[in-house]
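Working notes for the structure below.
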Amino acid sequence: MAKGQLQRQEQPWNILQNRTESDTNMKLTRSGKIALIILVVIIVAAAIGVIVYFVVYGKTPFYYRISFKLTNVDYDSKFGKPYSQEYIDLNERIVSLMNKTFQASKLRRQYVISHVVKVRQANSKVIVEVVLKFKSCYNNNAAVFRDRARNILLQKFTGDTGSLCIDPSSFKLSGCGRQTKMSPGNKIAGGLNSVEGEWPWQASLQQSNIHRCGATLISNNWLLTAAHCFVNAKDPQEWSVTFGLLLDDPKLKRRVKNIIIHEQYRYPAHDHDIAIVNLSKPVLYTSTIRKVCLPEASYNFPPNSDVVVTGWGSIKTDGASPNVLQKGKMKIIDPAKCNNKEVYNGAITNGMLCAGFLEGKIDACQGDSGGPLVGSDSRGIWFLVGIVSWGDECALPNKPGVYTEVTYYRNWIMSKTGL
Ligand code: 4AZ
């Protein structure tokens, strides 16, 4: 045992003694090689890391919400519980159909996953709402993606859908009314600054490049606004539309191709204060330019519902106009109350609605006309409730803002735009 220890101690000493200068160089070269290998390994690992990062995280996700009716699945109250076996089984069948559909399509490399988010009753059958997730390196082609996804699904739904029978005419790919940014609080007359992407459907309607009215994007080439914006200027060539938070630095500008004013609008009466603007070229949807949802004609926004009005109108009666889009949170006012003697004394007719507060404080004002009054559903999807139309000055007690009621004109909008 002791001998062995001694031998082991002697051996390295002997080796060192016998080393020449070239041996020392050899040793340096060897450690140099090791250092070089380590360096190469680090560089390769870093490069792989960067590639993986861009493959996994460098892609922009797109989410689309679709819905369709299943004609061979009877509604079961257990579909209302996302952890019930019935829901899990239905989810699995639908996800499997979506996976098969997209994996055999041109979007197979961008498709990520689907998930059933809601099962609703429709007569005795069901309507399912599904969220589809895609990823792409290009973040500005959401609209192209949506059109492709829509076509792929429509083709599938009109062909072989396996064990699920789908009514192709019930298929919807919505994609409206989604904010991309939100900011807290409330300020318009008594409003607050908004942030970019918060109200992506808001547009500024400009005459000779000067802001005149608000307008709301309802598709990639149609906007809704107020008829009274065009009282003295009906020529589309005088008008342009800008999008984005700031008036002095818009994200996008478009010329106007056509203006459709309600046939029964007669200035200075406030009835039928609605007009449609057709853009010269469609907009490409981005995270800051999107359409709002239009409610069904039958939809009712009851008194006291929360709504928000937005615009670049003056901060107070005859006051200055802001550069940053303003928002004002308010409530829908019962039309009977709004027609009281001390309020508007019967001037609120069918097709108009009142919103704000009878105490005053928060209101639309000059320059907000034509802009949106919106309300959100339980999923946070925003619908166009009204169009800023008129009012007695701004934010006065008992003089709330009066809006054109969008549901009342829903069929007229449909007849002009097909939307
Ligand atoms: C306007 O002149 C205007 N307070 C718009 C809205 C209201 C008043 C005036 C509502 O464009």
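Just remember, in the structure tokens the first chain shown is A, the second B, etc., residues are 1-based per chain, and ligands are 1-based in the order shown.
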For ligand 1, return the neighbouring residues as a ChimeraX atom specification (distance at most 6 Å; only C-alpha atoms and all ligand atoms). /A:363-369,388-394,401
Could you save those same residues with N, CA, C and O atoms as a PDB file, in the first residue's frame?
ATOM      1  N   ASP A 363     -69.315  63.601 -21.920  1.00  0.00           N
ATOM      2  CA  ASP A 363     -70.188  63.716 -23.091  1.00  0.00           C
ATOM      3  C   ASP A 363     -69.342  63.815 -24.365  1.00  0.00           C
ATOM      4  O   ASP A 363     -68.165  64.179 -24.308  1.00  0.00           O
ATOM      5  N   ALA A 364     -69.988  63.487 -25.499  1.00  0.00           N
ATOM      6  CA  ALA A 364     -69.369  63.780 -26.797  1.00  0.00           C
ATOM      7  C   ALA A 364     -69.511  65.278 -27.042  1.00  0.00           C
ATOM      8  O   ALA A 364     -70.309  65.947 -26.371  1.00  0.00           O
ATOM      9  N   CYS A 365     -68.722  65.819 -27.976  1.00  0.00           N
ATOM     10  CA  CYS A 365     -68.769  67.266 -28.205  1.00  0.00           C
ATOM     11  C   CYS A 365     -68.454  67.562 -29.678  1.00  0.00           C
ATOM     12  O   CYS A 365     -68.248  66.615 -30.464  1.00  0.00           O
ATOM     13  N   GLN A 366     -68.401  68.828 -30.073  1.00  0.00           N
ATOM     14  CA  GLN A 366     -68.140  69.193 -31.475  1.00  0.00           C
ATOM     15  C   GLN A 366     -66.885  68.465 -31.976  1.00  0.00           C
ATOM     16  O   GLN A 366     -65.850  68.514 -31.314  1.00  0.00           O
ATOM     17  N   GLY A 367     -67.011  67.823 -33.136  1.00  0.00           N
ATOM     18  CA  GLY A 367     -65.869  67.103 -33.712  1.00  0.00           C
ATOM     19  C   GLY A 367     -65.902  65.607 -33.405  1.00  0.00           C
ATOM     20  O   GLY A 367     -65.182  64.822 -34.013  1.00  0.00           O
ATOM     21  N   ASP A 368     -66.751  65.217 -32.442  1.00  0.00           N
ATOM     22  CA  ASP A 368     -66.925  63.775 -32.168  1.00  0.00           C
ATOM     23  C   ASP A 368     -67.990  63.184 -33.088  1.00  0.00           C
ATOM     24  O   ASP A 368     -68.085  61.953 -33.235  1.00  0.00           O
ATOM     25  N   SER A 369     -68.797  64.037 -33.686  1.00  0.00           N
ATOM     26  CA  SER A 369     -69.896  63.607 -34.565  1.00  0.00           C
ATOM     27  C   SER A 369     -69.444  62.542 -35.545  1.00  0.00           C
ATOM     28  O   SER A 369     -68.355  62.643 -36.111  1.00  0.00           O
ATOM     29  N   VAL A 388     -72.277  59.196 -32.928  1.00  0.00           N
ATOM     30  CA  VAL A 388     -72.441  60.524 -32.315  1.00  0.00           C
ATOM     31  C   VAL A 388     -73.232  61.415 -33.276  1.00  0.00           C
ATOM     32  O   VAL A 388     -72.843  61.569 -34.443  1.00  0.00           O
ATOM     33  N   SER A 389     -74.361  61.976 -32.802  1.00  0.00           N
ATOM     34  CA  SER A 389     -75.239  62.724 -33.705  1.00  0.00           C
ATOM     35  C   SER A 389     -75.469  64.173 -33.260  1.00  0.00           C
ATOM     36  O   SER A 389     -75.095  65.091 -33.953  1.00  0.00           O
ATOM     37  N   TRP A 390     -76.050  64.375 -32.086  1.00  0.00           N
ATOM     38  CA  TRP A 390     -76.333  65.746 -31.660  1.00  0.00           C
ATOM     39  C   TRP A 390     -76.493  65.836 -30.149  1.00  0.00           C
ATOM     40  O   TRP A 390     -76.390  64.843 -29.440  1.00  0.00           O
ATOM     41  N   GLY A 391     -76.749  67.034 -29.670  1.00  0.00           N
ATOM     42  CA  GLY A 391     -76.952  67.286 -28.239  1.00  0.00           C
ATOM     43  C   GLY A 391     -76.937  68.785 -28.032  1.00  0.00           C
ATOM     44  O   GLY A 391     -76.489  69.531 -28.899  1.00  0.00           O
ATOM     45  N   ASP A 392     -77.479  69.216 -26.889  1.00  0.00           N
ATOM     46  CA  ASP A 392     -77.496  70.639 -26.557  1.00  0.00           C
ATOM     47  C   ASP A 392     -76.172  70.950 -25.866  1.00  0.00           C
ATOM     48  O   ASP A 392     -75.974  70.576 -24.705  1.00  0.00           O
ATOM     49  N   GLU A 393     -75.254  71.585 -26.585  1.00  0.00           N
ATOM     50  CA  GLU A 393     -73.893  71.843 -26.109  1.00  0.00           C
ATOM     51  C   GLU A 393     -73.247  70.541 -25.611  1.00  0.00           C
ATOM     52  O   GLU A 393     -73.573  69.470 -26.120  1.00  0.00           O
ATOM     53  N   CYS A 394     -72.352  70.635 -24.623  1.00  0.00           N
ATOM     54  CA  CYS A 394     -71.637  69.426 -24.198  1.00  0.00           C
ATOM     55  C   CYS A 394     -71.570  69.311 -22.682  1.00  0.00           C
ATOM     56  O   CYS A 394     -71.193  70.290 -22.011  1.00  0.00           O
ATOM     57  N   GLY A 401     -75.696  63.305 -24.580  1.00  0.00           N
ATOM     58  CA  GLY A 401     -75.452  63.154 -26.015  1.00  0.00           C
ATOM     59  C   GLY A 401     -76.542  62.289 -26.648  1.00  0.00           C
ATOM     60  O   GLY A 401     -77.081  61.375 -26.013  1.00  0.00           O
TER      61      GLY A 401
END
*asked:* Excluding region 257-269 of chain A and its own-chain neighbours fewer than 5 positions away, which residues fall within 8 Å of it when counting only C-alpha atoms? Please give them as an NGL selection string.
replied: :A and (227-228 or 231 or 234-237 or 274-280)
Written file, previous selection with all heavy atoms, as an mmCIF file, in the first residue's frame:
data_model
loop_
_atom_site.group_PDB
_atom_site.id
_atom_site.type_symbol
_atom_site.label_atom_id
_atom_site.label_comp_id
_atom_site.auth_asym_id
_atom_site.auth_seq_id
_atom_site.Cartn_x
_atom_site.Cartn_y
_atom_site.Cartn_z
ATOM 1 N N ALA A 227 -74.657 61.570 -41.147
ATOM 2 C CA ALA A 227 -75.012 62.244 -42.407
ATOM 3 C C ALA A 227 -74.704 63.733 -42.328
ATOM 4 O O ALA A 227 -74.293 64.336 -43.326
ATOM 5 C CB ALA A 227 -76.495 62.014 -42.705
ATOM 6 N N HIS A 228 -74.852 64.334 -41.121
ATOM 7 C CA HIS A 228 -74.705 65.796 -41.032
ATOM 8 C C HIS A 228 -73.264 66.264 -41.283
ATOM 9 O O HIS A 228 -73.033 67.451 -41.505
ATOM 10 C CB HIS A 228 -75.276 66.330 -39.705
ATOM 11 C CG HIS A 228 -74.395 66.200 -38.519
ATOM 12 N ND1 HIS A 228 -74.582 65.252 -37.535
ATOM 13 C CD2 HIS A 228 -73.319 66.914 -38.139
ATOM 14 C CE1 HIS A 228 -73.655 65.396 -36.625
ATOM 15 N NE2 HIS A 228 -72.878 66.396 -36.958
ATOM 16 N N VAL A 231 -73.167 67.903 -44.855
ATOM 17 C CA VAL A 231 -74.209 68.861 -45.234
ATOM 18 C C VAL A 231 -73.732 69.817 -46.322
ATOM 19 O O VAL A 231 -74.415 70.053 -47.307
ATOM 20 C CB VAL A 231 -74.727 69.626 -43.993
ATOM 21 C CG1 VAL A 231 -75.534 70.850 -44.395
ATOM 22 C CG2 VAL A 231 -75.596 68.700 -43.162
ATOM 23 N N LYS A 234 -70.460 67.201 -50.222
ATOM 24 C CA LYS A 234 -70.849 65.825 -50.580
ATOM 25 C C LYS A 234 -69.883 65.167 -51.565
ATOM 26 O O LYS A 234 -70.024 63.997 -51.894
ATOM 27 C CB LYS A 234 -72.257 65.835 -51.172
ATOM 28 C CG LYS A 234 -73.312 66.215 -50.143
ATOM 29 C CD LYS A 234 -74.708 66.133 -50.708
ATOM 30 C CE LYS A 234 -75.741 66.487 -49.666
ATOM 31 N NZ LYS A 234 -75.607 67.871 -49.138
ATOM 32 N N ASP A 235 -68.885 65.916 -52.041
ATOM 33 C CA ASP A 235 -67.970 65.376 -53.042
ATOM 34 C C ASP A 235 -66.908 64.494 -52.370
ATOM 35 O O ASP A 235 -66.103 65.006 -51.571
ATOM 36 C CB ASP A 235 -67.298 66.545 -53.780
ATOM 37 C CG ASP A 235 -66.317 66.069 -54.846
ATOM 38 O OD1 ASP A 235 -66.196 64.839 -55.024
ATOM 39 O OD2 ASP A 235 -65.672 66.928 -55.472
ATOM 40 N N PRO A 236 -66.872 63.185 -52.687
ATOM 41 C CA PRO A 236 -65.905 62.282 -52.037
ATOM 42 C C PRO A 236 -64.456 62.760 -52.176
ATOM 43 O O PRO A 236 -63.638 62.500 -51.296
ATOM 44 C CB PRO A 236 -66.102 60.944 -52.754
ATOM 45 C CG PRO A 236 -67.414 61.033 -53.437
ATOM 46 C CD PRO A 236 -67.717 62.475 -53.671
ATOM 47 N N GLN A 237 -64.156 63.463 -53.268
ATOM 48 C CA GLN A 237 -62.766 63.895 -53.501
ATOM 49 C C GLN A 237 -62.248 64.898 -52.472
ATOM 50 O O GLN A 237 -61.045 65.064 -52.309
ATOM 51 C CB GLN A 237 -62.646 64.487 -54.904
ATOM 52 C CG GLN A 237 -62.804 63.397 -55.950
ATOM 53 C CD GLN A 237 -62.395 63.871 -57.332
ATOM 54 O OE1 GLN A 237 -61.667 64.835 -57.470
ATOM 55 N NE2 GLN A 237 -62.864 63.175 -58.338
ATOM 56 N N ILE A 274 -77.230 59.242 -40.500
ATOM 57 C CA ILE A 274 -76.305 58.119 -40.734
ATOM 58 C C ILE A 274 -75.832 58.150 -42.187
ATOM 59 O O ILE A 274 -76.614 58.479 -43.084
ATOM 60 C CB ILE A 274 -76.972 56.756 -40.370
ATOM 61 C CG1 ILE A 274 -75.964 55.592 -40.500
ATOM 62 C CG2 ILE A 274 -78.238 56.500 -41.183
ATOM 63 C CD1 ILE A 274 -76.457 54.283 -39.875
ATOM 64 N N ALA A 275 -74.544 57.855 -42.368
ATOM 65 C CA ALA A 275 -73.968 57.801 -43.718
ATOM 66 C C ALA A 275 -72.900 56.723 -43.750
ATOM 67 O O ALA A 275 -72.349 56.339 -42.700
ATOM 68 C CB ALA A 275 -73.362 59.148 -44.091
ATOM 69 N N ILE A 276 -72.639 56.245 -44.961
ATOM 70 C CA ILE A 276 -71.627 55.198 -45.159
ATOM 71 C C ILE A 276 -70.546 55.745 -46.082
ATOM 72 O O ILE A 276 -70.852 56.413 -47.069
ATOM 73 C CB ILE A 276 -72.270 53.933 -45.770
ATOM 74 C CG1 ILE A 276 -73.326 53.369 -44.810
ATOM 75 C CG2 ILE A 276 -71.224 52.883 -46.067
ATOM 76 C CD1 ILE A 276 -74.161 52.269 -45.406
ATOM 77 N N VAL A 277 -69.302 55.467 -45.714
ATOM 78 C CA VAL A 277 -68.167 55.932 -46.513
ATOM 79 C C VAL A 277 -67.451 54.707 -47.090
ATOM 80 O O VAL A 277 -67.166 53.753 -46.361
ATOM 81 C CB VAL A 277 -67.194 56.751 -45.621
ATOM 82 C CG1 VAL A 277 -65.882 57.023 -46.338
ATOM 83 C CG2 VAL A 277 -67.847 58.058 -45.189
ATOM 84 N N ASN A 278 -67.202 54.735 -48.380
ATOM 85 C CA ASN A 278 -66.481 53.643 -49.051
ATOM 86 C C ASN A 278 -65.072 54.122 -49.373
ATOM 87 O O ASN A 278 -64.904 55.163 -50.006
ATOM 88 C CB ASN A 278 -67.244 53.261 -50.332
ATOM 89 C CG ASN A 278 -66.753 51.962 -50.943
ATOM 90 O OD1 ASN A 278 -66.933 51.723 -52.128
ATOM 91 N ND2 ASN A 278 -66.128 51.119 -50.154
ATOM 92 N N LEU A 279 -64.067 53.362 -48.896
ATOM 93 C CA LEU A 279 -62.677 53.774 -49.114
ATOM 94 C C LEU A 279 -62.223 53.461 -50.544
ATOM 95 O O LEU A 279 -62.682 52.483 -51.147
ATOM 96 C CB LEU A 279 -61.752 53.050 -48.128
ATOM 97 C CG LEU A 279 -62.003 53.350 -46.650
ATOM 98 C CD1 LEU A 279 -61.067 52.513 -45.777
ATOM 99 C CD2 LEU A 279 -61.823 54.832 -46.351
ATOM 100 N N SER A 280 -61.267 54.252 -51.027
ATOM 101 C CA SER A 280 -60.762 54.050 -52.389
ATOM 102 C C SER A 280 -60.006 52.725 -52.486
ATOM 103 O O SER A 280 -59.932 52.117 -53.539
ATOM 104 C CB SER A 280 -59.826 55.193 -52.763
ATOM 105 O OG SER A 280 -58.773 55.228 -51.823
#
I'd like the contact shell of Ile289 (chain A) - 9 Å cut-off, only C-alpha atoms, skipping same-chain residues fewer than 4 positions apart - returned as a PDB file with C-alpha atoms, in the first residue's frame.
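Below is the file that was written, out26.pdb:
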ATOM      1  CA  GLY A 197     -54.841  49.819 -30.406  1.00  0.00           C
ATOM      2  CA  TRP A 199     -60.185  51.628 -30.250  1.00  0.00           C
ATOM      3  CA  PRO A 200     -58.712  50.283 -33.534  1.00  0.00           C
ATOM      4  CA  TRP A 201     -61.967  50.914 -35.468  1.00  0.00           C
ATOM      5  CA  GLN A 202     -61.900  54.675 -34.818  1.00  0.00           C
ATOM      6  CA  LEU A 217     -64.467  50.950 -39.533  1.00  0.00           C
ATOM      7  CA  PHE A 243     -56.453  55.763 -38.713  1.00  0.00           C
ATOM      8  CA  GLY A 244     -54.356  55.669 -35.535  1.00  0.00           C
ATOM      9  CA  LYS A 251     -50.850  55.229 -38.947  1.00  0.00           C
ATOM     10  CA  LEU A 252     -52.698  55.135 -42.273  1.00  0.00           C
ATOM     11  CA  VAL A 283     -57.178  48.786 -45.332  1.00  0.00           C
ATOM     12  CA  LEU A 284     -54.973  45.900 -44.233  1.00  0.00           C
ATOM     13  CA  TYR A 285     -55.930  44.969 -40.693  1.00  0.00           C
TER      14      TYR A 285
END
